[in-house]
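Asks: Sharing my_file.pdb below, PDB, C-alpha atoms, pLDDT in the B column:
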```
ATOM      1  CA  SER D   1      19.978  -2.686  -9.637  1.00 28.00           C
ATOM      2  CA  SER D   2      22.338  -3.820  -6.887  1.00 31.00           C
ATOM      3  CA  LEU D   3      19.504  -3.963  -4.346  1.00 32.00           C
ATOM      4  CA  ARG D   4      18.591  -7.499  -3.361  1.00 35.00           C
ATOM      5  CA  ARG D   5      15.358  -8.332  -1.670  1.00 35.00           C
ATOM      6  CA  LYS D   6      15.751 -10.806   1.199  1.00 40.00           C
ATOM      7  CA  THR D   7      12.043 -11.523   1.434  1.00 41.00           C
ATOM      8  CA  LYS D   8       9.635 -12.141  -1.399  1.00 46.00           C
ATOM      9  CA  LEU D   9       6.956  -9.729  -2.502  1.00 55.00           C
ATOM     10  CA  SER D  10       3.531  -9.813  -0.945  1.00 80.00           C
ATOM     11  CA  LEU D  11       0.211  -8.286  -1.971  1.00 89.00           C
ATOM     12  CA  VAL D  12      -1.249  -5.034  -0.648  1.00 94.00           C
ATOM     13  CA  ILE D  13      -4.486  -3.561  -1.994  1.00 95.00           C
ATOM     14  CA  ALA D  14      -5.933  -0.062  -1.681  1.00 97.00           C
ATOM     15  CA  ILE D  15      -9.545   0.793  -2.516  1.00 97.00           C
ATOM     16  CA  LYS D  16     -11.194   4.202  -2.490  1.00 97.00           C
ATOM     17  CA  ASP D  17     -14.567   3.690  -0.803  1.00 96.00           C
ATOM     18  CA  LYS D  18     -16.593   6.910  -0.772  1.00 93.00           C
ATOM     19  CA  ASP D  19     -15.116   9.062   2.015  1.00 95.00           C
ATOM     20  CA  ARG D  20     -12.319   6.694   3.034  1.00 97.00           C
ATOM     21  CA  ILE D  21      -9.535   4.395   1.863  1.00 97.00           C
ATOM     22  CA  VAL D  22      -9.575   0.674   2.695  1.00 98.00           C
ATOM     23  CA  PHE D  23      -6.402  -1.430   2.682  1.00 97.00           C
ATOM     24  CA  GLY D  24      -6.081  -5.193   2.585  1.00 94.00           C
ATOM     25  CA  ALA D  25      -2.997  -7.406   2.660  1.00 92.00           C
ATOM     26  CA  ASP D  26      -2.018 -11.021   2.921  1.00 86.00           C
ATOM     27  CA  LYS D  27       0.131 -12.048   5.907  1.00 83.00           C
ATOM     28  CA  GLN D  28       2.662 -14.393   4.337  1.00 71.00           C
ATOM     29  CA  VAL D  29       6.358 -13.621   4.111  1.00 62.00           C
ATOM     30  CA  SER D  30       8.870 -15.968   2.526  1.00 54.00           C
ATOM     31  CA  GLY D  31      12.607 -16.140   2.177  1.00 50.00           C
ATOM     32  CA  ALA D  32      15.577 -18.470   2.530  1.00 45.00           C
ATOM     33  CA  GLY D  33      13.392 -21.476   1.680  1.00 50.00           C
ATOM     34  CA  SER D  34      10.828 -20.888   4.428  1.00 47.00           C
ATOM     35  CA  LYS D  35       7.689 -18.844   5.057  1.00 55.00           C
ATOM     36  CA  SER D  36       5.532 -17.520   7.894  1.00 56.00           C
ATOM     37  CA  HIS D  37       1.955 -16.250   8.049  1.00 57.00           C
ATOM     38  CA  ASN D  38       1.886 -13.584  10.761  1.00 64.00           C
ATOM     39  CA  THR D  39       3.516 -10.612   9.052  1.00 78.00           C
ATOM     40  CA  ILE D  40       2.078  -7.099   9.299  1.00 85.00           C
ATOM     41  CA  LYS D  41       2.130  -5.341   5.924  1.00 89.00           C
ATOM     42  CA  ILE D  42      -0.379  -2.549   6.593  1.00 94.00           C
ATOM     43  CA  TRP D  43      -0.336  -0.291   9.642  1.00 95.00           C
ATOM     44  CA  ASP D  44      -1.683   2.882  11.237  1.00 95.00           C
ATOM     45  CA  VAL D  45       0.363   6.080  11.300  1.00 95.00           C
ATOM     46  CA  PRO D  46      -0.205   6.846  15.010  1.00 91.00           C
ATOM     47  CA  GLU D  47       0.905  10.486  14.954  1.00 90.00           C
ATOM     48  CA  LEU D  48      -1.707  11.329  12.297  1.00 90.00           C
ATOM     49  CA  PRO D  49      -5.215   9.896  12.930  1.00 90.00           C
ATOM     50  CA  GLY D  50      -6.835   8.926   9.651  1.00 93.00           C
ATOM     51  CA  ALA D  51      -3.521   7.944   8.046  1.00 95.00           C
ATOM     52  CA  ILE D  52      -2.465   4.390   7.165  1.00 97.00           C
ATOM     53  CA  MET D  53       0.439   2.827   5.268  1.00 97.00           C
ATOM     54  CA  GLY D  54       1.417  -0.431   3.604  1.00 95.00           C
ATOM     55  CA  GLY D  55       4.533  -1.805   1.979  1.00 93.00           C
ATOM     56  CA  VAL D  56       5.825  -4.666  -0.152  1.00 90.00           C
ATOM     57  CA  GLY D  57       9.392  -5.745  -0.820  1.00 86.00           C
ATOM     58  CA  SER D  58      11.876  -5.683   2.035  1.00 86.00           C
ATOM     59  CA  LEU D  59      10.316  -6.736   5.331  1.00 85.00           C
ATOM     60  CA  ARG D  60      13.043  -4.849   7.193  1.00 90.00           C
ATOM     61  CA  ALA D  61      12.214  -1.622   5.348  1.00 92.00           C
ATOM     62  CA  SER D  62       8.516  -1.984   6.152  1.00 92.00           C
ATOM     63  CA  GLN D  63       9.269  -2.597   9.819  1.00 93.00           C
ATOM     64  CA  VAL D  64      11.535   0.452  10.044  1.00 94.00           C
ATOM     65  CA  ILE D  65       8.902   2.723   8.506  1.00 95.00           C
ATOM     66  CA  GLN D  66       6.110   1.203  10.588  1.00 94.00           C
ATOM     67  CA  TYR D  67       7.894   2.171  13.821  1.00 94.00           C
ATOM     68  CA  SER D  68       9.289   5.519  12.664  1.00 94.00           C
ATOM     69  CA  LYS D  69       7.711   8.895  13.300  1.00 92.00           C
ATOM     70  CA  LEU D  70       7.127  10.156   9.773  1.00 91.00           C
ATOM     71  CA  ILE D  71       4.719  13.041  10.326  1.00 89.00           C
ATOM     72  CA  ASP D  72       5.784  16.118  12.301  1.00 81.00           C
ATOM     73  CA  LEU D  73       2.566  18.048  12.927  1.00 77.00           C
ATOM     74  CA  ASN D  74       4.441  21.074  14.269  1.00 72.00           C
ATOM     75  CA  ALA D  75       6.604  21.226  11.160  1.00 66.00           C
ATOM     76  CA  MET D  76       3.493  20.960   9.008  1.00 67.00           C
ATOM     77  CA  ALA D  77       2.078  24.016  10.746  1.00 59.00           C
ATOM     78  CA  ASP D  78       5.357  25.930  10.395  1.00 55.00           C
ATOM     79  CA  LEU D  79       5.493  25.143   6.679  1.00 54.00           C
ATOM     80  CA  SER D  80       1.871  26.246   6.240  1.00 53.00           C
ATOM     81  CA  TYR D  81       0.740  22.825   5.012  1.00 57.00           C
ATOM     82  CA  GLY D  82      -3.008  22.891   5.520  1.00 60.00           C
ATOM     83  CA  THR D  83      -3.432  19.199   4.840  1.00 76.00           C
ATOM     84  CA  ILE D  84      -1.774  16.098   3.473  1.00 87.00           C
ATOM     85  CA  ASP D  85      -1.713  16.397  -0.310  1.00 90.00           C
ATOM     86  CA  THR D  86       0.422  15.290  -3.258  1.00 93.00           C
ATOM     87  CA  ASN D  87       2.798  18.205  -2.750  1.00 90.00           C
ATOM     88  CA  TYR D  88       3.381  17.131   0.861  1.00 90.00           C
ATOM     89  CA  ILE D  89       3.907  13.482  -0.105  1.00 94.00           C
ATOM     90  CA  ILE D  90       6.508  14.358  -2.748  1.00 94.00           C
ATOM     91  CA  THR D  91       8.428  17.101  -0.948  1.00 91.00           C
ATOM     92  CA  VAL D  92       8.217  16.049   2.711  1.00 90.00           C
ATOM     93  CA  LEU D  93       7.063  12.465   3.257  1.00 93.00           C
ATOM     94  CA  VAL D  94       9.214  10.708   0.637  1.00 94.00           C
ATOM     95  CA  PRO D  95      12.468  12.389   1.799  1.00 93.00           C
ATOM     96  CA  GLN D  96      11.526  11.469   5.389  1.00 93.00           C
ATOM     97  CA  ILE D  97      11.078   7.811   4.394  1.00 94.00           C
ATOM     98  CA  VAL D  98      14.516   7.812   2.761  1.00 93.00           C
ATOM     99  CA  LEU D  99      16.071   9.466   5.837  1.00 92.00           C
ATOM    100  CA  GLN D 100      14.522   6.943   8.242  1.00 94.00           C
ATOM    101  CA  LEU D 101      15.659   3.973   6.157  1.00 93.00           C
ATOM    102  CA  GLN D 102      19.189   5.291   5.766  1.00 91.00           C
ATOM    103  CA  SER D 103      19.385   6.055   9.504  1.00 92.00           C
ATOM    104  CA  ALA D 104      18.411   2.447  10.218  1.00 92.00           C
ATOM    105  CA  GLY D 105      21.088   1.098   7.888  1.00 88.00           C
ATOM    106  CA  VAL D 106      18.693   0.015   5.161  1.00 86.00           C
ATOM    107  CA  CYS D 107      20.465   0.565   1.851  1.00 72.00           C
ATOM    108  CA  CYS D 108      18.748   3.065  -0.429  1.00 73.00           C
ATOM    109  CA  ILE D 109      21.495   3.351  -3.059  1.00 68.00           C
ATOM    110  CA  ALA D 110      21.431   1.353  -6.278  1.00 63.00           C
ATOM    111  CA  GLU D 111      23.475   1.268  -9.451  1.00 58.00           C
ATOM    112  CA  ASP D 112      21.787   1.141 -12.848  1.00 60.00           C
ATOM    113  CA  GLU D 113      23.172  -0.463 -16.003  1.00 63.00           C
ATOM    114  CA  THR D 114      25.480   2.544 -16.538  1.00 62.00           C
ATOM    115  CA  GLU D 115      26.839   2.129 -12.977  1.00 63.00           C
ATOM    116  CA  GLU D 116      25.390   5.511 -12.064  1.00 67.00           C
ATOM    117  CA  LYS D 117      24.377   5.608  -8.414  1.00 73.00           C
ATOM    118  CA  THR D 118      20.876   6.722  -7.544  1.00 77.00           C
ATOM    119  CA  VAL D 119      18.572   6.607  -4.541  1.00 82.00           C
ATOM    120  CA  MET D 120      16.149   3.685  -4.741  1.00 86.00           C
ATOM    121  CA  LEU D 121      13.848   2.361  -2.041  1.00 89.00           C
ATOM    122  CA  PRO D 122      13.982  -1.381  -1.291  1.00 87.00           C
ATOM    123  CA  ASN D 123      10.185  -1.186  -1.029  1.00 87.00           C
ATOM    124  CA  SER D 124       7.126   0.259  -2.668  1.00 92.00           C
ATOM    125  CA  PHE D 125       4.763   1.933  -0.195  1.00 95.00           C
ATOM    126  CA  LEU D 126       1.124   2.958  -0.053  1.00 96.00           C
ATOM    127  CA  PHE D 127       0.115   5.948   2.038  1.00 97.00           C
ATOM    128  CA  ALA D 128      -3.496   6.990   2.648  1.00 97.00           C
ATOM    129  CA  TYR D 129      -5.052   9.854   4.531  1.00 95.00           C
ATOM    130  CA  GLU D 130      -8.804  10.253   4.907  1.00 94.00           C
ATOM    131  CA  ASP D 131     -10.180   9.800   1.366  1.00 95.00           C
ATOM    132  CA  GLN D 132      -6.914  10.069  -0.598  1.00 96.00           C
ATOM    133  CA  ALA D 133      -4.151   7.559  -1.252  1.00 97.00           C
ATOM    134  CA  TRP D 134      -0.768   7.618  -2.947  1.00 97.00           C
ATOM    135  CA  MET D 135       1.630   5.061  -4.344  1.00 96.00           C
ATOM    136  CA  ILE D 136       5.292   5.703  -3.505  1.00 96.00           C
ATOM    137  CA  TRP D 137       7.351   3.785  -6.039  1.00 94.00           C
ATOM    138  CA  ASN D 138      10.833   2.499  -5.289  1.00 90.00           C
ATOM    139  CA  ASP D 139      12.339   5.190  -7.550  1.00 90.00           C
ATOM    140  CA  LEU D 140      10.754   7.799  -5.196  1.00 93.00           C
ATOM    141  CA  SER D 141       8.117   8.871  -7.702  1.00 95.00           C
ATOM    142  CA  VAL D 142       4.555   9.335  -6.450  1.00 97.00           C
ATOM    143  CA  SER D 143       1.177   8.538  -8.025  1.00 96.00           C
ATOM    144  CA  GLU D 144      -2.197   9.427  -6.577  1.00 96.00           C
ATOM    145  CA  ILE D 145      -4.642   6.523  -6.580  1.00 96.00           C
ATOM    146  CA  GLU D 146      -7.892   7.110  -8.453  1.00 93.00           C
ATOM    147  CA  ASP D 147     -10.172   4.166  -7.590  1.00 96.00           C
ATOM    148  CA  TYR D 148      -7.979   1.228  -6.540  1.00 96.00           C
ATOM    149  CA  LEU D 149      -4.474  -0.190  -6.731  1.00 95.00           C
ATOM    150  CA  ALA D 150      -2.729  -3.463  -6.002  1.00 94.00           C
ATOM    151  CA  ILE D 151       1.029  -3.754  -5.488  1.00 91.00           C
ATOM    152  CA  GLY D 152       3.272  -6.770  -5.109  1.00 86.00           C
ATOM    153  CA  SER D 153       2.993 -10.360  -6.268  1.00 81.00           C
ATOM    154  CA  ALA D 154       0.162 -11.162  -8.689  1.00 85.00           C
ATOM    155  CA  SER D 155      -0.872  -7.507  -8.649  1.00 89.00           C
ATOM    156  CA  ASP D 156      -2.113  -7.809 -12.239  1.00 92.00           C
ATOM    157  CA  VAL D 157      -4.440 -10.616 -11.160  1.00 92.00           C
ATOM    158  CA  ALA D 158      -5.667  -8.484  -8.259  1.00 92.00           C
ATOM    159  CA  LYS D 159      -6.256  -5.464 -10.508  1.00 95.00           C
ATOM    160  CA  GLY D 160      -8.383  -7.610 -12.795  1.00 96.00           C
ATOM    161  CA  VAL D 161     -10.455  -8.738  -9.821  1.00 95.00           C
ATOM    162  CA  LEU D 162     -10.835  -5.157  -8.611  1.00 96.00           C
ATOM    163  CA  PHE D 163     -12.054  -4.080 -12.032  1.00 96.00           C
ATOM    164  CA  ALA D 164     -14.586  -6.894 -12.173  1.00 96.00           C
ATOM    165  CA  THR D 165     -15.941  -6.386  -8.642  1.00 96.00           C
ATOM    166  CA  ALA D 166     -16.585  -2.640  -8.645  1.00 95.00           C
ATOM    167  CA  ASP D 167     -20.141  -3.200  -7.360  1.00 95.00           C
ATOM    168  CA  LYS D 168     -19.014  -5.187  -4.277  1.00 96.00           C
ATOM    169  CA  ASN D 169     -18.061  -3.887  -0.836  1.00 95.00           C
ATOM    170  CA  PRO D 170     -14.317  -3.318  -0.309  1.00 96.00           C
ATOM    171  CA  PHE D 171     -13.844  -6.279   2.041  1.00 96.00           C
ATOM    172  CA  ASP D 172     -15.351  -8.780  -0.404  1.00 96.00           C
ATOM    173  CA  ARG D 173     -13.177  -7.328  -3.145  1.00 96.00           C
ATOM    174  CA  ILE D 174     -10.001  -7.644  -1.077  1.00 94.00           C
ATOM    175  CA  VAL D 175     -10.706 -11.248  -0.086  1.00 92.00           C
ATOM    176  CA  THR D 176     -11.434 -12.202  -3.699  1.00 93.00           C
ATOM    177  CA  CYS D 177      -8.207 -10.488  -4.818  1.00 91.00           C
ATOM    178  CA  ILE D 178      -6.046 -12.303  -2.307  1.00 89.00           C
ATOM    179  CA  ASP D 179      -7.718 -15.665  -2.897  1.00 88.00           C
ATOM    180  CA  ALA D 180      -7.145 -15.260  -6.648  1.00 89.00           C
ATOM    181  CA  ALA D 181      -3.536 -14.185  -6.115  1.00 86.00           C
ATOM    182  CA  ALA D 182      -2.906 -17.122  -3.767  1.00 85.00           C
ATOM    183  CA  GLU D 183      -3.938 -19.477  -6.570  1.00 84.00           C
ATOM    184  CA  THR D 184      -1.472 -17.767  -8.926  1.00 83.00           C
ATOM    185  CA  THR D 185       1.744 -17.186  -6.969  1.00 77.00           C
ATOM    186  CA  LEU D 186       3.663 -18.874  -4.168  1.00 69.00           C
ATOM    187  CA  TYR D 187       4.283 -15.534  -2.473  1.00 67.00           C
ATOM    188  CA  VAL D 188       0.692 -14.776  -1.427  1.00 72.00           C
ATOM    189  CA  ASP D 189      -1.433 -16.812   0.988  1.00 71.00           C
ATOM    190  CA  HIS D 190      -4.977 -16.652   2.333  1.00 64.00           C
ATOM    191  CA  GLY D 191      -4.354 -14.934   5.675  1.00 77.00           C
ATOM    192  CA  ILE D 192      -5.752 -11.400   5.435  1.00 87.00           C
ATOM    193  CA  ASP D 193      -5.565  -8.106   7.353  1.00 91.00           C
ATOM    194  CA  PHE D 194      -7.885  -5.144   6.804  1.00 94.00           C
ATOM    195  CA  LEU D 195      -7.266  -1.509   7.670  1.00 95.00           C
ATOM    196  CA  ALA D 196      -9.066   1.726   6.804  1.00 97.00           C
ATOM    197  CA  THR D 197      -8.707   5.454   7.293  1.00 96.00           C
ATOM    198  CA  LYS D 198     -12.204   5.360   8.800  1.00 95.00           C
ATOM    199  CA  PHE D 199     -14.297   2.464  10.139  1.00 95.00           C
ATOM    200  CA  TYR D 200     -18.077   2.191  10.450  1.00 94.00           C
ATOM    201  CA  ASP D 201     -20.096   0.042  12.861  1.00 92.00           C
ATOM    202  CA  LYS D 202     -21.342  -2.177  10.026  1.00 93.00           C
ATOM    203  CA  ASP D 203     -17.804  -2.976   8.874  1.00 94.00           C
ATOM    204  CA  HIS D 204     -17.186  -5.826  11.306  1.00 90.00           C
ATOM    205  CA  ALA D 205     -20.110  -7.847  10.018  1.00 92.00           C
ATOM    206  CA  ALA D 206     -18.982  -7.170   6.444  1.00 93.00           C
ATOM    207  CA  MET D 207     -15.392  -8.210   7.212  1.00 93.00           C
ATOM    208  CA  TYR D 208     -16.319 -11.457   8.917  1.00 91.00           C
ATOM    209  CA  LYS D 209     -18.791 -12.296   6.151  1.00 92.00           C
ATOM    210  CA  ALA D 210     -16.137 -11.636   3.496  1.00 91.00           C
ATOM    211  CA  LEU D 211     -13.720 -13.946   5.320  1.00 87.00           C
ATOM    212  CA  GLY D 212     -16.338 -16.665   5.718  1.00 88.00           C
ATOM    213  CA  LEU D 213     -16.007 -16.524   9.494  1.00 85.00           C
ATOM    214  CA  GLU D 214     -18.617 -16.373  12.238  1.00 81.00           C
ATOM    215  CA  GLN D 215     -18.621 -12.986  13.924  1.00 77.00           C
ATOM    216  CA  PRO D 216     -17.852 -13.144  17.666  1.00 73.00           C
ATOM    217  CA  LYS D 217     -20.467 -11.725  20.005  1.00 68.00           C
ATOM    218  CA  LYS D 218     -18.113  -9.068  21.327  1.00 61.00           C
ATOM    219  CA  VAL D 219     -15.472  -7.315  19.239  1.00 53.00           C
ATOM    220  CA  THR D 220     -12.866  -5.359  21.168  1.00 50.00           C
ATOM    221  CA  SER D 221     -11.061  -3.606  18.313  1.00 48.00           C
ATOM    222  CA  LYS D 222     -12.182  -1.773  15.233  1.00 47.00           C
ATOM    223  CA  LYS D 223      -8.778  -1.925  13.640  1.00 52.00           C
ATOM    224  CA  LYS D 224      -8.388  -5.503  12.470  1.00 55.00           C
ATOM    225  CA  VAL D 225     -10.277  -8.715  12.011  1.00 53.00           C
ATOM    226  CA  ALA D 226      -9.234 -12.278  12.795  1.00 49.00           C
ATOM    227  CA  THR D 227      -7.163 -13.859  10.057  1.00 55.00           C
ATOM    228  CA  LYS D 228      -8.656 -16.504   7.849  1.00 57.00           C
ATOM    229  CA  THR D 229      -6.153 -19.351   7.734  1.00 49.00           C
ATOM    230  CA  LYS D 230      -5.405 -21.399   4.663  1.00 48.00           C
ATOM    231  CA  LYS D 231      -7.330 -24.343   6.130  1.00 49.00           C
ATOM    232  CA  GLU D 232     -10.367 -22.158   6.817  1.00 55.00           C
ATOM    233  CA  ALA D 233     -10.152 -20.696   3.340  1.00 52.00           C
ATOM    234  CA  LYS D 234     -10.377 -24.155   1.780  1.00 53.00           C
ATOM    235  CA  LYS D 235     -13.460 -24.969   3.859  1.00 53.00           C
ATOM    236  CA  ALA D 236     -15.212 -21.712   2.896  1.00 51.00           C
TER     237      ALA D 236
END
```
Can you turn what I pasted into structure tokens?
Replies:
Amino acid sequence: SSLRRKTKLSLVIAIKDKDRIVFGADKQVSGAGSKSHNTIKIWDVPELPGAIMGGVGSLRASQVIQYSKLIDLNAMADLSYGTIDTNYIITVLVPQIVLQLQSAGVCCIAEDETEEKTVMLPNSFLFAYEDQAWMIWNDLSVSEIEDYLAIGSASDVAKGVLFATADKNPFDRIVTCIDAAAETTLYVDHGIDFLATKFYDKDHAAMYKALGLEQPKKVTSKKKVATKTKKEAKKA
């Protein structure tokens, strides 16, 4: 492939938890011999409540999609789409992702070993809505997630952790995945973001406990939890 990633892969995790999907991601991004720990890799889809996304690969591609309007509710009604399903992801959402990236000047054309040109995403994406989630691979193919999935660096390590922790709550599982991955690869670190298609009141206590942090007396947002730094992770 002629595509070249300018930032290294990260780790994004999706877990099906009863009537919702929970995402987790590390916050490190690295490239050109340096790294930072404040990168957003999972985000809400504001035009569709109950929808969230995540991406690994090109940071630029993730940023473009994060700030693009991907879902046209009026068009959904005109096309008689009753809900977001696999058909919608394949026939509407994936072409929209390609269009937004191309419009922003993010290359989506690659050459294979036969020099045949084909459309390839510089990223792999996760998309979740309510209690369903899909993997959008960089060759534009789509897979529906059954129980869990990890994409990016040390994803095999994370999948092993997810298999072994099926009886734990999703936040504990995500923290264990990222801690294990951080011990395995340079491209994942201990800072963690959580996101879900639906949050419950008890989630904040569970998130802070999973991170080994003391829960503040007043929490102003249900969307994210304070990041556990590398130093805090070593103390935990």
Asks: Could you state the separation of CA of Gln100 in chain D and CA of Trp43 in chain D in Å, given to one decimal place?
Replies: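 Those two atoms sit 16.6 Å apart.
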Asks: Exactly which residues make up the result of the PyMOL selection byres ((chain D and resi 49) around 10) on this file, given as a PyMOL selection string?
Replies: chain D and resi 44-48+50-52+129-130+197-198
Asks: With C-alpha atoms kept, could you save the residues just selected as a PDB file, in the coordinates of the input?
Replies:
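The resulting file, part-v9.pdb, is shown below:
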```
ATOM      1  CA  ASP D  44      -1.683   2.882  11.237  1.00 95.00           C
ATOM      2  CA  VAL D  45       0.363   6.080  11.300  1.00 95.00           C
ATOM      3  CA  PRO D  46      -0.205   6.846  15.010  1.00 91.00           C
ATOM      4  CA  GLU D  47       0.905  10.486  14.954  1.00 90.00           C
ATOM      5  CA  LEU D  48      -1.707  11.329  12.297  1.00 90.00           C
ATOM      6  CA  GLY D  50      -6.835   8.926   9.651  1.00 93.00           C
ATOM      7  CA  ALA D  51      -3.521   7.944   8.046  1.00 95.00           C
ATOM      8  CA  ILE D  52      -2.465   4.390   7.165  1.00 97.00           C
ATOM      9  CA  TYR D 129      -5.052   9.854   4.531  1.00 95.00           C
ATOM     10  CA  GLU D 130      -8.804  10.253   4.907  1.00 94.00           C
ATOM     11  CA  THR D 197      -8.707   5.454   7.293  1.00 96.00           C
ATOM     12  CA  LYS D 198     -12.204   5.360   8.800  1.00 95.00           C
TER      13      LYS D 198
END
```
Asks: Expand the PyMOL selection byres ((chain D and resi 63) around 12) into the explicit residue set it covers here, and present it as a PyMOL selection string.
Replies: chain D and resi 39-43+53-62+64-68+97+100-101+104+106+123+125
Asks: Once you have the residues from the selection above, write them out as a tab-separated table (two decimals), keeping the file's coordinate frame, restricted to C-alpha atoms.
Replies:
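Listed below is the output, result39.tsv:
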```tsv
chain	number	residue	atom	x	y	z
D	39	THR	CA	3.52	-10.61	9.05
D	40	ILE	CA	2.08	-7.10	9.30
D	41	LYS	CA	2.13	-5.34	5.92
D	42	ILE	CA	-0.38	-2.55	6.59
D	43	TRP	CA	-0.34	-0.29	9.64
D	53	MET	CA	0.44	2.83	5.27
D	54	GLY	CA	1.42	-0.43	3.60
D	55	GLY	CA	4.53	-1.80	1.98
D	56	VAL	CA	5.82	-4.67	-0.15
D	57	GLY	CA	9.39	-5.74	-0.82
D	58	SER	CA	11.88	-5.68	2.04
D	59	LEU	CA	10.32	-6.74	5.33
D	60	ARG	CA	13.04	-4.85	7.19
D	61	ALA	CA	12.21	-1.62	5.35
D	62	SER	CA	8.52	-1.98	6.15
D	64	VAL	CA	11.54	0.45	10.04
D	65	ILE	CA	8.90	2.72	8.51
D	66	GLN	CA	6.11	1.20	10.59
D	67	TYR	CA	7.89	2.17	13.82
D	68	SER	CA	9.29	5.52	12.66
D	97	ILE	CA	11.08	7.81	4.39
D	100	GLN	CA	14.52	6.94	8.24
D	101	LEU	CA	15.66	3.97	6.16
D	104	ALA	CA	18.41	2.45	10.22
D	106	VAL	CA	18.69	0.02	5.16
D	123	ASN	CA	10.18	-1.19	-1.03
D	125	PHE	CA	4.76	1.93	-0.20
```
Asks: Rank D:Leu126, D:Ala164, D:Leu211, D:Ala196 by their smallest atom-to-atom distance to Leu149 in chain D, using all atoms listed in the file, and report the top residue only.
Replies: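 Nearest to Leu149 in chain D: D:Leu126.
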Asks: I need the residue nearest Leu140 in chain D from this list: D:Ala25, D:Val161, D:Ile174, D:Ile89. Use only C-alpha atoms for the distance.
Replies: D:Ile89
Asks: Please provide as a list in words all residues within 9 Å of Asp147 in chain D, with the sequence filter that same-chain residues fewer than 6 positions apart are discarded (counting all atoms listed in the file).
Replies: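 Everything that qualifies: Ala14, Ile15, Lys16 and Asp17 of chain D.
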Asks: Given the file shown, enumerate the residues that the PyMOL selection byres ((chain D and resi 90) around 12) captures and present them as a list in words.
Replies: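 Evaluating the PyMOL selection byres ((chain D and resi 90) around 12) on these coordinates yields Ile84, Asp85, Thr86, Asn87, Tyr88, Ile89, Thr91, Val92, Leu93, Val94, Pro95, Gln96, Ile97, Val98, Phe127, Trp134, Met135, Ile136, Trp137, Asp139, Leu140, Ser141, Val142, Ser143 and Glu144 of chain D.
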Asks: What does the distance from CA of Ile71 in chain D to CA of Ile21 in chain D come to in Å, to one decimal?
Replies: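 A separation of 18.7 Å between them.
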Asks: Hey, can you check how far CA of Thr165 in chain D sits from CA of Ser124 in chain D?
Replies: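 Going from CA of Thr165 in chain D over to CA of Ser124 in chain D, I get 24.7 Å.
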Asks: Point out the residue among D:Leu195, D:Ala182, D:Val22, D:Val175 with the least atom-to-atom distance to Lys209 in chain D, counting all atoms listed in the file.
Replies: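 Comparing D:Leu195, D:Ala182, D:Val22, D:Val175 against Lys209 in chain D, the winner is D:Val175.
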Asks: Hey, which of D:Asn138, D:Pro122, D:Tyr208, D:Gln132 ends up closest to Lys18 in chain D? Count all atoms listed in the file.
Replies: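 Nearest to Lys18 in chain D: D:Gln132.
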Asks: So, with all atoms listed in the file as the atoms that count, which of D:Lys69, D:Lys117, D:Lys202, D:Arg173 lies closest to Gly24 in chain D?
Replies: D:Arg173
